[in-house]
file target.txt (compact mmCIF, N, CA and C atoms)
# COMPACT_ATOMS: atom_id res chain seq x y z
N MET U 509 36.75 -26.13 66.73
CA MET U 509 35.85 -25.14 66.17
C MET U 509 35.68 -24.02 67.18
N LYS U 510 35.77 -22.79 66.72
CA LYS U 510 35.59 -21.64 67.60
C LYS U 510 34.12 -21.43 67.91
N ARG U 511 33.88 -20.76 69.01
CA ARG U 511 32.52 -20.53 69.48
C ARG U 511 31.67 -19.80 68.44
N THR U 512 32.17 -18.73 67.85
CA THR U 512 31.39 -17.96 66.88
C THR U 512 31.05 -18.80 65.65
N GLU U 513 32.00 -19.63 65.22
CA GLU U 513 31.74 -20.48 64.06
C GLU U 513 30.68 -21.53 64.41
N PHE U 514 30.75 -22.08 65.61
CA PHE U 514 29.77 -23.06 66.06
C PHE U 514 28.36 -22.45 66.08
N ILE U 515 28.25 -21.25 66.64
CA ILE U 515 26.94 -20.57 66.71
C ILE U 515 26.41 -20.30 65.30
N ARG U 516 27.27 -19.86 64.40
CA ARG U 516 26.85 -19.57 63.03
C ARG U 516 26.36 -20.83 62.34
N VAL U 517 27.12 -21.92 62.45
CA VAL U 517 26.75 -23.17 61.79
C VAL U 517 25.45 -23.73 62.36
N CYS U 518 25.34 -23.76 63.67
CA CYS U 518 24.12 -24.28 64.31
C CYS U 518 22.91 -23.40 63.99
N GLY U 519 23.09 -22.09 64.05
CA GLY U 519 22.00 -21.16 63.75
C GLY U 519 21.51 -21.30 62.32
N THR U 520 22.45 -21.41 61.38
CA THR U 520 22.08 -21.58 59.97
C THR U 520 21.34 -22.90 59.77
N GLY U 521 21.80 -23.94 60.39
CA GLY U 521 21.14 -25.24 60.27
C GLY U 521 19.73 -25.23 60.82
N CYS U 522 19.55 -24.60 61.99
CA CYS U 522 18.22 -24.51 62.60
C CYS U 522 17.27 -23.70 61.73
N LEU U 523 17.74 -22.57 61.22
CA LEU U 523 16.90 -21.74 60.36
C LEU U 523 16.51 -22.49 59.09
N GLY U 524 17.44 -23.23 58.52
CA GLY U 524 17.16 -24.00 57.32
C GLY U 524 16.11 -25.07 57.56
N MET U 525 16.21 -25.76 58.69
CA MET U 525 15.22 -26.80 59.01
C MET U 525 13.85 -26.19 59.25
N MET U 526 13.79 -25.04 59.93
CA MET U 526 12.50 -24.39 60.17
C MET U 526 11.86 -23.94 58.86
N ALA U 527 12.64 -23.33 58.00
CA ALA U 527 12.11 -22.85 56.72
C ALA U 527 11.65 -24.02 55.86
N GLY U 528 12.42 -25.09 55.83
CA GLY U 528 12.04 -26.26 55.06
C GLY U 528 10.75 -26.90 55.55
N SER U 529 10.59 -26.99 56.85
CA SER U 529 9.36 -27.59 57.38
C SER U 529 8.15 -26.71 57.10
N MET U 530 8.32 -25.38 57.14
CA MET U 530 7.22 -24.48 56.80
C MET U 530 6.81 -24.64 55.34
N LEU U 531 7.79 -24.73 54.46
CA LEU U 531 7.49 -24.88 53.04
C LEU U 531 6.78 -26.20 52.75
N LEU U 532 7.27 -27.28 53.35
CA LEU U 532 6.66 -28.58 53.11
C LEU U 532 5.24 -28.64 53.65
N SER U 533 5.01 -28.11 54.84
CA SER U 533 3.67 -28.17 55.41
C SER U 533 2.71 -27.28 54.66
N SER U 534 3.19 -26.12 54.18
CA SER U 534 2.28 -25.24 53.45
C SER U 534 1.93 -25.80 52.09
N CYS U 535 2.87 -26.46 51.42
CA CYS U 535 2.59 -27.05 50.11
C CYS U 535 1.64 -28.22 50.24
N ALA U 536 1.86 -29.06 51.22
CA ALA U 536 1.03 -30.24 51.39
C ALA U 536 -0.37 -29.87 51.85
N GLY U 537 -0.53 -28.80 52.58
CA GLY U 537 -1.82 -28.44 53.14
C GLY U 537 -2.67 -27.56 52.26
N THR U 538 -2.19 -27.08 51.14
CA THR U 538 -2.94 -26.15 50.32
C THR U 538 -3.69 -26.90 49.22
N LYS U 539 -4.99 -26.64 49.15
CA LYS U 539 -5.81 -27.23 48.11
C LYS U 539 -6.40 -26.10 47.26
N TYR U 540 -6.17 -26.18 45.96
CA TYR U 540 -6.71 -25.21 45.02
C TYR U 540 -7.90 -25.83 44.30
N VAL U 541 -8.99 -25.07 44.21
CA VAL U 541 -10.16 -25.53 43.47
C VAL U 541 -10.63 -24.40 42.55
N THR U 542 -11.24 -24.80 41.46
CA THR U 542 -11.83 -23.83 40.54
C THR U 542 -13.34 -23.89 40.74
N ALA U 543 -13.95 -22.73 40.87
CA ALA U 543 -15.39 -22.67 41.11
C ALA U 543 -16.03 -21.69 40.12
N PRO U 544 -17.26 -21.97 39.71
CA PRO U 544 -17.94 -21.09 38.75
C PRO U 544 -18.50 -19.84 39.43
N ILE U 545 -18.67 -18.81 38.64
CA ILE U 545 -19.36 -17.60 39.10
C ILE U 545 -20.72 -17.57 38.41
N LYS U 546 -21.78 -17.51 39.22
CA LYS U 546 -23.15 -17.41 38.72
C LYS U 546 -23.76 -16.15 39.28
N ASP U 547 -24.23 -15.29 38.37
CA ASP U 547 -24.67 -13.94 38.74
C ASP U 547 -23.47 -13.26 39.41
N SER U 548 -23.59 -12.86 40.64
CA SER U 548 -22.45 -12.24 41.32
C SER U 548 -21.93 -13.10 42.46
N PHE U 549 -22.18 -14.42 42.36
CA PHE U 549 -21.78 -15.34 43.42
C PHE U 549 -20.78 -16.37 42.90
N LEU U 550 -19.70 -16.54 43.64
CA LEU U 550 -18.76 -17.63 43.40
C LEU U 550 -19.33 -18.82 44.16
N GLU U 551 -19.58 -19.94 43.47
CA GLU U 551 -20.23 -21.08 44.11
C GLU U 551 -19.23 -22.21 44.33
N LEU U 552 -19.12 -22.62 45.57
CA LEU U 552 -18.15 -23.63 45.98
C LEU U 552 -18.87 -24.77 46.68
N ASP U 553 -18.64 -25.99 46.21
CA ASP U 553 -19.22 -27.16 46.85
C ASP U 553 -18.50 -27.39 48.18
N VAL U 554 -19.27 -27.61 49.23
CA VAL U 554 -18.71 -27.83 50.57
C VAL U 554 -17.77 -29.04 50.59
N SER U 555 -17.98 -29.99 49.68
CA SER U 555 -17.13 -31.18 49.64
C SER U 555 -15.68 -30.85 49.33
N ALA U 556 -15.40 -29.63 48.86
CA ALA U 556 -14.01 -29.22 48.60
C ALA U 556 -13.18 -29.25 49.89
N PHE U 557 -13.83 -29.17 51.03
CA PHE U 557 -13.12 -29.19 52.32
C PHE U 557 -12.83 -30.61 52.81
N ASN U 558 -13.45 -31.60 52.18
CA ASN U 558 -13.23 -32.99 52.58
C ASN U 558 -11.88 -33.47 52.07
N ASP U 559 -11.17 -34.14 52.95
CA ASP U 559 -9.85 -34.67 52.61
C ASP U 559 -9.72 -36.06 53.21
N GLY U 560 -10.40 -37.01 52.59
CA GLY U 560 -10.38 -38.37 53.13
C GLY U 560 -11.14 -38.42 54.44
N ASP U 561 -10.44 -38.77 55.51
CA ASP U 561 -11.06 -38.90 56.82
C ASP U 561 -11.08 -37.59 57.61
N SER U 562 -10.48 -36.53 57.07
CA SER U 562 -10.42 -35.27 57.79
C SER U 562 -11.08 -34.14 56.98
N VAL U 563 -11.21 -33.00 57.63
CA VAL U 563 -11.80 -31.83 57.00
C VAL U 563 -10.74 -30.73 56.98
N ARG U 564 -10.53 -30.15 55.80
CA ARG U 564 -9.55 -29.07 55.65
C ARG U 564 -10.01 -27.81 56.36
N LYS U 565 -9.03 -27.03 56.82
CA LYS U 565 -9.34 -25.76 57.48
C LYS U 565 -9.60 -24.66 56.46
N TYR U 566 -9.02 -24.81 55.26
CA TYR U 566 -9.22 -23.79 54.23
C TYR U 566 -8.98 -24.39 52.85
N VAL U 567 -9.52 -23.71 51.83
CA VAL U 567 -9.22 -24.02 50.43
C VAL U 567 -9.01 -22.68 49.72
N ILE U 568 -8.27 -22.73 48.62
CA ILE U 568 -8.03 -21.56 47.79
C ILE U 568 -8.90 -21.72 46.54
N VAL U 569 -9.76 -20.74 46.30
CA VAL U 569 -10.70 -20.82 45.19
C VAL U 569 -10.26 -19.88 44.07
N GLN U 570 -10.24 -20.43 42.85
CA GLN U 570 -9.83 -19.66 41.69
C GLN U 570 -10.95 -19.63 40.66
N ASN U 571 -10.93 -18.56 39.85
CA ASN U 571 -11.81 -18.44 38.70
C ASN U 571 -11.12 -17.48 37.74
N ASP U 572 -11.20 -17.76 36.44
CA ASP U 572 -10.51 -16.93 35.45
C ASP U 572 -10.96 -15.47 35.46
N GLN U 573 -12.16 -15.21 35.98
CA GLN U 573 -12.67 -13.84 36.02
C GLN U 573 -12.11 -13.03 37.20
N LEU U 574 -11.45 -13.72 38.12
CA LEU U 574 -10.88 -13.05 39.30
C LEU U 574 -9.40 -12.77 39.07
N GLN U 575 -8.97 -11.57 39.44
CA GLN U 575 -7.55 -11.24 39.31
C GLN U 575 -6.72 -11.99 40.36
N TYR U 576 -7.28 -12.17 41.55
CA TYR U 576 -6.61 -12.87 42.64
C TYR U 576 -7.54 -13.97 43.16
N PRO U 577 -6.98 -15.04 43.71
CA PRO U 577 -7.83 -16.09 44.29
C PRO U 577 -8.48 -15.62 45.59
N ILE U 578 -9.38 -16.43 46.08
CA ILE U 578 -10.07 -16.17 47.34
C ILE U 578 -9.80 -17.35 48.27
N SER U 579 -9.35 -17.05 49.49
CA SER U 579 -9.16 -18.12 50.48
C SER U 579 -10.45 -18.23 51.29
N VAL U 580 -10.91 -19.46 51.44
CA VAL U 580 -12.13 -19.71 52.22
C VAL U 580 -11.74 -20.56 53.42
N PHE U 581 -11.93 -19.99 54.61
CA PHE U 581 -11.61 -20.68 55.86
C PHE U 581 -12.89 -21.26 56.45
N ARG U 582 -12.81 -22.48 56.93
CA ARG U 582 -13.95 -23.15 57.55
C ARG U 582 -13.82 -23.01 59.06
N GLU U 583 -14.76 -22.31 59.67
CA GLU U 583 -14.79 -22.19 61.13
C GLU U 583 -15.46 -23.41 61.75
N ASN U 584 -16.59 -23.79 61.18
CA ASN U 584 -17.32 -24.99 61.58
C ASN U 584 -18.22 -25.38 60.41
N ALA U 585 -19.13 -26.30 60.62
CA ALA U 585 -19.95 -26.81 59.51
C ALA U 585 -20.84 -25.75 58.87
N THR U 586 -21.08 -24.65 59.57
CA THR U 586 -21.98 -23.63 59.01
C THR U 586 -21.35 -22.25 58.86
N GLN U 587 -20.14 -22.04 59.35
CA GLN U 587 -19.50 -20.73 59.28
C GLN U 587 -18.23 -20.77 58.46
N TYR U 588 -18.16 -19.86 57.48
CA TYR U 588 -17.01 -19.76 56.59
C TYR U 588 -16.63 -18.30 56.43
N THR U 589 -15.34 -18.06 56.20
CA THR U 589 -14.82 -16.71 55.95
C THR U 589 -14.12 -16.73 54.59
N ALA U 590 -14.47 -15.76 53.74
CA ALA U 590 -13.86 -15.68 52.42
C ALA U 590 -13.07 -14.38 52.31
N LEU U 591 -11.79 -14.49 51.92
CA LEU U 591 -10.89 -13.33 51.86
C LEU U 591 -10.21 -13.22 50.50
N TYR U 592 -10.16 -12.02 49.98
CA TYR U 592 -9.46 -11.74 48.73
C TYR U 592 -7.97 -11.78 49.01
N MET U 593 -7.23 -12.58 48.27
CA MET U 593 -5.81 -12.81 48.57
C MET U 593 -4.91 -11.77 47.91
N ARG U 594 -5.25 -10.52 48.08
CA ARG U 594 -4.47 -9.40 47.56
C ARG U 594 -4.00 -8.55 48.74
N CYS U 595 -2.69 -8.42 48.89
CA CYS U 595 -2.15 -7.64 49.99
C CYS U 595 -2.58 -6.17 49.85
N THR U 596 -3.01 -5.60 50.94
CA THR U 596 -3.48 -4.21 50.92
C THR U 596 -2.32 -3.21 50.93
N HIS U 597 -1.09 -3.70 51.04
CA HIS U 597 0.06 -2.81 51.02
C HIS U 597 0.42 -2.41 49.59
N GLN U 598 0.75 -3.41 48.74
CA GLN U 598 1.12 -3.10 47.36
C GLN U 598 0.53 -4.07 46.35
N GLY U 599 -0.46 -4.86 46.75
CA GLY U 599 -1.18 -5.68 45.80
C GLY U 599 -0.58 -7.01 45.43
N THR U 600 0.37 -7.50 46.18
CA THR U 600 0.98 -8.81 45.90
C THR U 600 0.02 -9.92 46.32
N GLU U 601 0.01 -11.03 45.58
CA GLU U 601 -0.83 -12.15 45.95
C GLU U 601 -0.30 -12.79 47.23
N LEU U 602 -1.21 -13.04 48.16
CA LEU U 602 -0.84 -13.59 49.46
C LEU U 602 -0.69 -15.10 49.40
N GLN U 603 -0.03 -15.65 50.42
CA GLN U 603 0.11 -17.09 50.60
C GLN U 603 -0.50 -17.44 51.94
N VAL U 604 -1.10 -18.62 52.03
CA VAL U 604 -1.71 -19.07 53.27
C VAL U 604 -0.76 -20.02 53.99
N PHE U 605 -0.57 -19.76 55.28
CA PHE U 605 0.24 -20.61 56.15
C PHE U 605 -0.59 -20.92 57.38
N GLY U 606 -1.28 -22.05 57.36
CA GLY U 606 -2.12 -22.43 58.50
C GLY U 606 -3.30 -21.51 58.67
N ASP U 607 -3.31 -20.73 59.74
CA ASP U 607 -4.44 -19.83 60.00
C ASP U 607 -4.08 -18.36 59.76
N ARG U 608 -3.10 -18.12 58.92
CA ARG U 608 -2.73 -16.74 58.59
C ARG U 608 -2.36 -16.63 57.12
N LEU U 609 -2.44 -15.42 56.62
CA LEU U 609 -2.04 -15.13 55.25
C LEU U 609 -0.83 -14.22 55.31
N GLN U 610 0.11 -14.45 54.42
CA GLN U 610 1.36 -13.69 54.46
C GLN U 610 1.71 -13.18 53.07
N CYS U 611 2.24 -11.96 53.03
CA CYS U 611 2.70 -11.36 51.78
C CYS U 611 4.16 -11.72 51.57
N PRO U 612 4.48 -12.36 50.43
CA PRO U 612 5.87 -12.73 50.19
C PRO U 612 6.75 -11.53 49.83
N ALA U 613 6.16 -10.41 49.46
CA ALA U 613 6.96 -9.25 49.04
C ALA U 613 7.56 -8.49 50.22
N HIS U 614 6.74 -8.14 51.20
CA HIS U 614 7.24 -7.30 52.30
C HIS U 614 6.90 -7.84 53.69
N GLY U 615 6.30 -9.04 53.76
CA GLY U 615 6.10 -9.69 55.05
C GLY U 615 4.85 -9.34 55.82
N SER U 616 3.93 -8.57 55.24
CA SER U 616 2.69 -8.28 55.95
C SER U 616 1.97 -9.59 56.27
N GLU U 617 1.33 -9.63 57.43
CA GLU U 617 0.59 -10.82 57.83
C GLU U 617 -0.82 -10.44 58.22
N PHE U 618 -1.76 -11.35 57.89
CA PHE U 618 -3.17 -11.15 58.18
C PHE U 618 -3.71 -12.39 58.86
N THR U 619 -4.70 -12.21 59.73
CA THR U 619 -5.36 -13.34 60.38
C THR U 619 -6.32 -13.99 59.41
N LYS U 620 -6.86 -15.13 59.77
CA LYS U 620 -7.81 -15.83 58.91
C LYS U 620 -9.16 -15.12 58.83
N THR U 621 -9.31 -14.04 59.58
CA THR U 621 -10.50 -13.19 59.44
C THR U 621 -10.19 -11.93 58.63
N GLY U 622 -8.93 -11.79 58.19
CA GLY U 622 -8.56 -10.68 57.32
C GLY U 622 -7.97 -9.48 58.02
N ASN U 623 -7.82 -9.53 59.33
CA ASN U 623 -7.26 -8.40 60.08
C ASN U 623 -5.74 -8.36 59.96
N VAL U 624 -5.19 -7.15 59.85
CA VAL U 624 -3.74 -6.99 59.78
C VAL U 624 -3.14 -7.44 61.11
N GLN U 625 -2.14 -8.31 61.02
CA GLN U 625 -1.43 -8.76 62.22
C GLN U 625 -0.06 -8.09 62.30
N ASN U 626 0.61 -7.98 61.16
CA ASN U 626 1.92 -7.32 61.08
C ASN U 626 1.98 -6.53 59.78
N GLY U 627 2.58 -5.32 59.84
CA GLY U 627 2.71 -4.46 58.67
C GLY U 627 3.87 -4.88 57.80
N PRO U 628 4.07 -4.14 56.74
CA PRO U 628 3.72 -2.73 56.53
C PRO U 628 2.28 -2.46 56.10
N ALA U 629 1.49 -3.47 55.75
CA ALA U 629 0.08 -3.22 55.41
C ALA U 629 -0.62 -2.60 56.61
N ASP U 630 -1.51 -1.64 56.35
CA ASP U 630 -2.24 -1.02 57.46
C ASP U 630 -3.76 -1.12 57.27
N ALA U 631 -4.21 -1.82 56.23
CA ALA U 631 -5.65 -2.01 56.01
C ALA U 631 -5.95 -3.51 55.99
N ASN U 632 -7.11 -3.87 56.50
CA ASN U 632 -7.54 -5.27 56.52
C ASN U 632 -7.84 -5.75 55.11
N LEU U 633 -7.88 -7.06 54.94
CA LEU U 633 -8.19 -7.66 53.65
C LEU U 633 -9.67 -7.50 53.33
N ARG U 634 -9.97 -7.51 52.03
CA ARG U 634 -11.37 -7.48 51.61
C ARG U 634 -11.98 -8.84 51.93
N SER U 635 -13.12 -8.82 52.57
CA SER U 635 -13.82 -10.07 52.87
C SER U 635 -15.15 -10.08 52.12
N PHE U 636 -15.69 -11.27 51.93
CA PHE U 636 -16.93 -11.44 51.20
C PHE U 636 -17.93 -12.18 52.07
N PRO U 637 -19.21 -11.79 52.02
CA PRO U 637 -20.24 -12.54 52.74
C PRO U 637 -20.38 -13.94 52.15
N VAL U 638 -20.56 -14.93 53.02
CA VAL U 638 -20.70 -16.32 52.59
C VAL U 638 -22.01 -16.87 53.14
N THR U 639 -22.83 -17.44 52.25
CA THR U 639 -24.04 -18.13 52.66
C THR U 639 -23.96 -19.57 52.18
N SER U 640 -24.76 -20.43 52.81
CA SER U 640 -24.73 -21.84 52.46
C SER U 640 -26.14 -22.36 52.25
N ALA U 641 -26.32 -23.14 51.16
CA ALA U 641 -27.59 -23.80 50.90
C ALA U 641 -27.33 -25.04 50.07
N ASN U 642 -27.91 -26.16 50.48
CA ASN U 642 -27.78 -27.43 49.75
C ASN U 642 -26.32 -27.80 49.49
N ASN U 643 -25.46 -27.64 50.50
CA ASN U 643 -24.04 -27.99 50.43
C ASN U 643 -23.26 -27.17 49.41
N ILE U 644 -23.76 -25.99 49.06
CA ILE U 644 -23.07 -25.08 48.18
C ILE U 644 -22.83 -23.77 48.94
N LEU U 645 -21.58 -23.34 48.98
CA LEU U 645 -21.26 -22.04 49.56
C LEU U 645 -21.40 -21.00 48.46
N LYS U 646 -22.09 -19.92 48.77
CA LYS U 646 -22.24 -18.83 47.82
C LYS U 646 -21.47 -17.63 48.38
N ILE U 647 -20.42 -17.27 47.67
CA ILE U 647 -19.57 -16.16 48.08
C ILE U 647 -19.98 -14.93 47.27
N ASP U 648 -20.51 -13.93 47.96
CA ASP U 648 -21.05 -12.74 47.31
C ASP U 648 -19.93 -11.81 46.88
N LEU U 649 -19.70 -11.71 45.57
CA LEU U 649 -18.60 -10.90 45.04
C LEU U 649 -19.00 -9.45 44.79
N SER U 650 -20.27 -9.12 44.96
CA SER U 650 -20.71 -7.74 44.67
C SER U 650 -20.25 -6.73 45.70

call {"tool": "encode", "arguments": {"input": "target.txt", "output": "structure tokens"}}
result
Amino acid sequence: MKRTEFIRVCGTGCLGMMAGSMLLSSCAGTKYVTAPIKDSFLELDVSAFNDGDSVRKYVIVQNDQLQYPISVFRENATQYTALYMRCTHQGTELQVFGDRLQCPAHGSEFTKTGNVQNGPADANLRSFPVTSANNILKIDLS
């Protein structure tokens, strides 16, 4: 086998394994929940973050009245961040990969606080204030 062919084969194999592991981990780690909207608040039970013996870092919240879902990241037992999963570049629905959100259309990346990490997007994500009472997160959509 020639050197260039060896590099091509090994490089392709490595890239394939990396992509496959990212896809598997992102699918297994994503939890979608449906939550009601009352007045102007999306209400999410804190138990949505429970996953057996562990606590999830984030959940994706959906409601038929929302055009895009909202990702809710858990910082600790009392702090949560809620982000509208619409890319600020061209409006594509974002995907969550660990502690970042990524646009599948053009590759823009955002941090779990909604800040642009990589373009072409140049505006941060819309975030929503989150309050907690009686184990219910209230995400202010107004």

call {"tool": "closest_residue", "arguments": {"input": "target.txt", "among": "U:Met593, U:Tyr588, U:Pro612, U:Val624", "to": "U:Pro637", "atoms": "all atoms listed in the file"}}
result
U:Tyr588

call {"tool": "select_by_dssp", "arguments": {"input": "target.txt", "residues": "stretch 525-622 of chain U", "states": "strand (DSSP E or B)", "output": "JSON, numbers by chain"}}
result
{"U": [540, 541, 542, 545, 546, 549, 550, 551, 552, 553, 558, 559, 562, 563, 566, 567, 568, 569, 570, 578, 579, 580, 581, 582, 588, 589, 590, 591, 592, 594, 601, 603, 604, 605, 608, 609, 610, 617, 618, 619]}

call {"tool": "closest_atom_pairs", "arguments": {"input": "target.txt", "of": "stretch 570-645 of chain U", "to": "stretch 551-565 of chain U", "cutoff": "8 Å", "atoms": "only N, CA and C atoms", "output": "JSON lines"}}
result
{"residue": "U:Val580", "atom": "C", "partner": "U:Lys565", "partner_atom": "C", "distance": 5.5}
{"residue": "U:Phe581", "atom": "CA", "partner": "U:Lys565", "partner_atom": "C", "distance": 4.5}
{"residue": "U:Arg582", "atom": "N", "partner": "U:Lys565", "partner_atom": "C", "distance": 3.9}
{"residue": "U:Glu583", "atom": "N", "partner": "U:Lys565", "partner_atom": "C", "distance": 6.5}
{"residue": "U:Gly606", "atom": "C", "partner": "U:Lys565", "partner_atom": "C", "distance": 7.4}
{"residue": "U:Asp607", "atom": "CA", "partner": "U:Lys565", "partner_atom": "C", "distance": 7.9}
{"residue": "U:Asn642", "atom": "C", "partner": "U:Val554", "partner_atom": "N", "distance": 7.1}
{"residue": "U:Asn643", "atom": "C", "partner": "U:Val554", "partner_atom": "N", "distance": 4.0}
{"residue": "U:Ile644", "atom": "CA", "partner": "U:Leu552", "partner_atom": "C", "distance": 4.5}
{"residue": "U:Leu645", "atom": "N", "partner": "U:Leu552", "partner_atom": "C", "distance": 3.8}

call {"tool": "write_last_selection", "arguments": {"input": "target.txt", "atoms": "N, CA and C atoms", "output": "mmCIF file, in the frame of the given file"}}
result
data_model
loop_
_atom_site.group_PDB
_atom_site.id
_atom_site.type_symbol
_atom_site.label_atom_id
_atom_site.label_comp_id
_atom_site.auth_asym_id
_atom_site.auth_seq_id
_atom_site.Cartn_x
_atom_site.Cartn_y
_atom_site.Cartn_z
ATOM 1 N N VAL U 580 -10.910 -19.460 51.440
ATOM 2 C CA VAL U 580 -12.130 -19.710 52.220
ATOM 3 C C VAL U 580 -11.740 -20.560 53.420
ATOM 4 N N PHE U 581 -11.930 -19.990 54.610
ATOM 5 C CA PHE U 581 -11.610 -20.680 55.860
ATOM 6 C C PHE U 581 -12.890 -21.260 56.450
ATOM 7 N N ARG U 582 -12.810 -22.480 56.930
ATOM 8 C CA ARG U 582 -13.950 -23.150 57.550
ATOM 9 C C ARG U 582 -13.820 -23.010 59.060
ATOM 10 N N GLU U 583 -14.760 -22.310 59.670
ATOM 11 C CA GLU U 583 -14.790 -22.190 61.130
ATOM 12 C C GLU U 583 -15.460 -23.410 61.750
ATOM 13 N N GLY U 606 -1.280 -22.050 57.360
ATOM 14 C CA GLY U 606 -2.120 -22.430 58.500
ATOM 15 C C GLY U 606 -3.300 -21.510 58.670
ATOM 16 N N ASP U 607 -3.310 -20.730 59.740
ATOM 17 C CA ASP U 607 -4.440 -19.830 60.000
ATOM 18 C C ASP U 607 -4.080 -18.360 59.760
ATOM 19 N N ASN U 642 -27.910 -26.160 50.480
ATOM 20 C CA ASN U 642 -27.780 -27.430 49.750
ATOM 21 C C ASN U 642 -26.320 -27.800 49.490
ATOM 22 N N ASN U 643 -25.460 -27.640 50.500
ATOM 23 C CA ASN U 643 -24.040 -27.990 50.430
ATOM 24 C C ASN U 643 -23.260 -27.170 49.410
ATOM 25 N N ILE U 644 -23.760 -25.990 49.060
ATOM 26 C CA ILE U 644 -23.070 -25.080 48.180
ATOM 27 C C ILE U 644 -22.830 -23.770 48.940
ATOM 28 N N LEU U 645 -21.580 -23.340 48.980
ATOM 29 C CA LEU U 645 -21.260 -22.040 49.560
ATOM 30 C C LEU U 645 -21.400 -21.000 48.460
#

call {"tool": "atom_distance", "arguments": {"input": "target.txt", "atom1": "atom CA of U:Ser579", "atom2": "atom CA of U:Leu591"}}
result
5.3 Å

call {"tool": "select_by_dssp", "arguments": {"input": "target.txt", "residues": "chain U", "states": "helix (DSSP H, G or I)", "output": "ChimeraX atom specification"}}
result
/U:511-537,554-557

call {"tool": "atom_distance", "arguments": {"input": "target.txt", "atom1": "atom N of U:Asp547", "atom2": "atom C of U:Pro577"}}
result
17.3 Å

call {"tool": "atom_distance", "arguments": {"input": "target.txt", "atom1": "atom CA of U:Asn571", "atom2": "atom CA of U:Val541"}}
result
8.7 Å

call {"tool": "residues_around", "arguments": {"input": "target.txt", "residues": "U:Thr542", "least_positions_apart": "6", "cutoff": "7 Å", "atoms": "all atoms listed in the file", "output": "ChimeraX atom specification"}}
result
/U:568-571

call {"tool": "closest_residue", "arguments": {"input": "target.txt", "among": "U:Lys539, U:Glu513, U:Ala641, U:Leu649", "to": "U:Ala585", "atoms": "only C-alpha atoms"}}
result
U:Ala641

call {"tool": "residues_around", "arguments": {"input": "target.txt", "residues": "U:Pro628", "least_positions_apart": "3", "cutoff": "6.5 Å", "atoms": "all atoms listed in the file", "output": "PyMOL selection string"}}
result
chain U and resi 597+614-617

call {"tool": "closest_residue", "arguments": {"input": "target.txt", "among": "U:Ala590, U:Cys595, U:Ile578, U:Val604", "to": "U:Thr621", "atoms": "all atoms listed in the file"}}
result
U:Ala590

call {"tool": "residues_around", "arguments": {"input": "target.txt", "residues": "U:Asp648", "least_positions_apart": "6", "cutoff": "6.5 Å", "atoms": "only N, CA and C atoms", "output": "JSON list (two decimals) with N, CA and C atoms, in the coordinates of the input"}}
result
[["chain", "number", "residue", "atom", "x", "y", "z"],
["U", 548, "SER", "N", -23.59, -12.86, 40.64],
["U", 548, "SER", "CA", -22.45, -12.24, 41.32],
["U", 548, "SER", "C", -21.93, -13.10, 42.46],
["U", 549, "PHE", "N", -22.18, -14.42, 42.36],
["U", 549, "PHE", "CA", -21.78, -15.34, 43.42],
["U", 549, "PHE", "C", -20.78, -16.37, 42.90],
["U", 550, "LEU", "N", -19.70, -16.54, 43.64],
["U", 550, "LEU", "CA", -18.76, -17.63, 43.40],
["U", 550, "LEU", "C", -19.33, -18.82, 44.16],
["U", 636, "PHE", "N", -15.69, -11.27, 51.93],
["U", 636, "PHE", "CA", -16.93, -11.44, 51.20],
["U", 636, "PHE", "C", -17.93, -12.18, 52.07],
["U", 637, "PRO", "N", -19.21, -11.79, 52.02],
["U", 637, "PRO", "CA", -20.24, -12.54, 52.74],
["U", 637, "PRO", "C", -20.38, -13.94, 52.15],
["U", 638, "VAL", "N", -20.56, -14.93, 53.02],
["U", 638, "VAL", "CA", -20.70, -16.32, 52.59],
["U", 638, "VAL", "C", -22.01, -16.87, 53.14],
["U", 639, "THR", "N", -22.83, -17.44, 52.25],
["U", 639, "THR", "CA", -24.04, -18.13, 52.66],
["U", 639, "THR", "C", -23.96, -19.57, 52.18]]

call {"tool": "decode", "arguments": {"input": "target.txt", "residues": "stretch 547-556 of chain U", "atoms": "N, CA and C atoms", "output": "PDB file, in the first residue's frame"}}
result
ATOM      1  N   ASP U 547     -50.523  31.137  30.937  1.00  0.00           N
ATOM      2  CA  ASP U 547     -50.314  32.573  30.776  1.00  0.00           C
ATOM      3  C   ASP U 547     -49.168  32.742  29.783  1.00  0.00           C
ATOM      4  N   SER U 548     -48.085  33.357  30.172  1.00  0.00           N
ATOM      5  CA  SER U 548     -46.953  33.502  29.251  1.00  0.00           C
ATOM      6  C   SER U 548     -45.742  32.707  29.726  1.00  0.00           C
ATOM      7  N   PHE U 549     -46.009  31.646  30.515  1.00  0.00           N
ATOM      8  CA  PHE U 549     -44.924  30.846  31.067  1.00  0.00           C
ATOM      9  C   PHE U 549     -45.008  29.402  30.576  1.00  0.00           C
ATOM     10  N   LEU U 550     -43.882  28.890  30.120  1.00  0.00           N
ATOM     11  CA  LEU U 550     -43.742  27.473  29.816  1.00  0.00           C
ATOM     12  C   LEU U 550     -43.363  26.819  31.140  1.00  0.00           C
ATOM     13  N   GLU U 551     -44.145  25.839  31.601  1.00  0.00           N
ATOM     14  CA  GLU U 551     -43.910  25.244  32.912  1.00  0.00           C
ATOM     15  C   GLU U 551     -43.328  23.840  32.770  1.00  0.00           C
ATOM     16  N   LEU U 552     -42.185  23.645  33.374  1.00  0.00           N
ATOM     17  CA  LEU U 552     -41.442  22.388  33.273  1.00  0.00           C
ATOM     18  C   LEU U 552     -41.181  21.838  34.660  1.00  0.00           C
ATOM     19  N   ASP U 553     -41.562  20.593  34.888  1.00  0.00           N
ATOM     20  CA  ASP U 553     -41.295  19.934  36.162  1.00  0.00           C
ATOM     21  C   ASP U 553     -39.795  19.634  36.239  1.00  0.00           C
ATOM     22  N   VAL U 554     -39.195  19.972  37.366  1.00  0.00           N
ATOM     23  CA  VAL U 554     -37.754  19.757  37.568  1.00  0.00           C
ATOM     24  C   VAL U 554     -37.394  18.276  37.435  1.00  0.00           C
ATOM     25  N   SER U 555     -38.343  17.387  37.691  1.00  0.00           N
ATOM     26  CA  SER U 555     -38.065  15.950  37.591  1.00  0.00           C
ATOM     27  C   SER U 555     -37.705  15.525  36.173  1.00  0.00           C
ATOM     28  N   ALA U 556     -37.952  16.384  35.175  1.00  0.00           N
ATOM     29  CA  ALA U 556     -37.563  16.071  33.794  1.00  0.00           C
ATOM     30  C   ALA U 556     -36.047  15.889  33.674  1.00  0.00           C
TER      31      ALA U 556
END
